[in-house]
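Below is one structure, written out as structure tokens; comments come after it.
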Amino acid sequence: MSRRNKKKRHVIGNVVRIILLVVIFFGIYRFYIVKSQVEEVKLWKPVVIEEASRYGLEEFDDVILAIILTETKGEHIDLMQSSESKYGEQNQITSSEESIKSGVKHLAEVLTQSQNEGTDIWTGVQAYNFGSNYIPYVRDNGGRHNVKIAERYSREVLAPLLGNNNNKKYRYLTLRALKYNKGHLYIDGGNFFYADIVKWNMAVLDVMSKIPWFS
């Protein structure tokens, strides 16, 4: 092998090692960020359990905690972003306890409606983001939530209802969105990935709870 080729391979090897180190350090950094967020969310588990039992949602503790992780990562007074469902506008919630009480009440309402209309649990979870009118929409379109139905509702119903009549989009750069549609949502159309994000965050909470030094 010529000296030039050896030098080239050495340079490539160094670049690869640098890239691997960057990926490893980024992975460690992300792990500790998520770890911190999950710890913040888990602090509210006793309140979640109490409120869930009030509405017969004892089996949905993990869903509620995942909604908190999805909405605010435990880093906002309005943990479940329930101000709009209670007051009709943002930033009216004055305590995290009030947020959980209102959020669980709203979740119980959409889950009950979803059950009564013959749709699935994830229709109810998506309705937590979209509003309860999403439930009859799913009922009339197969009865089961999926991201394609949610996107159509976002584009054709919710966004126009709130003033976006031209399918205007904005960038939404997550791996899930990039894979699905190159990374966008519709302005004023909610987040049609919401139920999938909650599912993912349930898995994150579950994995973290199985780590001995973290549970």
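Starting from 1 in every chain, residues are counted up; chains themselves are A, B, ... following the order of the structure tokens, and ligands are numbered from 1 as listed.
Close contacts of range 84-100 of chain A, defined as residues with an atom at most 9 Å away when counting only C-alpha atoms, with chain neighbours fewer than 4 positions off set aside, comprise Trp44, Val47, Val48, Glu51, Ile64, Ile68, His76, Ile77, Asp78, Leu79, Met80, Val104, Lys105, His106, Tyr128 and Gly131 of chain A.
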If DSSP is run on the backbone, what residues of range 151-187 of chain A are strand (DSSP E or B)? A reply as a PyMOL selection string would be ideal. chain A and resi 169-171+184-186
Write down as a ChimeraX atom specification the residues belonging to range 128-159 of chain A that are assigned helix (DSSP H, G or I) by DSSP computed on the backbone. /A:128-130,134-139,147-159
Shell of 10 Å around Ser132 in chain A, only C-alpha atoms, local chain residues under 4 positions omitted, as number ranges by chain: A: 106-107, 109-111, 113-114, 123-128, 136-137
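Of the listed residues A:Met202, A:Asn167, A:Trp122, A:Leu161, the one whose atoms come nearest to His145 in chain A is A:Trp122, with distances taken using only C-alpha atoms.
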Mind checking which residues fall within 10 Å of Glu50 in chain A, counting only C-alpha atoms, ignoring those fewer than 6 positions away in the same chain, and posting them as a list in words? Leu57, Glu58, Asp61 and Lys101 of chain A
Counting only C-alpha atoms, which residue out of A:Ala108, A:Asn146, A:Lys73, A:Phe130 sits closest to Ala52 in chain A? A:Ala108
Report as a count of residues only all protein, DNA and RNA residues lying within 10 Å of Asn166 in chain A, evaluated on only C-alpha atoms, omitting residues in the same chain fewer than 6 positions from it. 6
Need the shell around Phe192 in chain A: protein/DNA/RNA residues with any atom at most 7 Å away, counting only C-alpha atoms. Skip same-chain ones fewer than 5 positions apart. Format as a PyMOL selection string? chain A and resi 147+150-151+154
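Using only C-alpha atoms, the residues found no farther than 12 Å from range 22-33 of chain A, other than those of its own chain fewer than 6 positions away, are Val15, Val16, Glu39, Glu40, Lys73, Val204, Val207, Met208 and Phe214 of chain A.
Proximity to Asp140 in chain A was assessed for A:Ser102, A:Gln81, A:Thr119, A:Asn201 counting only C-alpha atoms; the smallest distance is recorded for A:Thr119.
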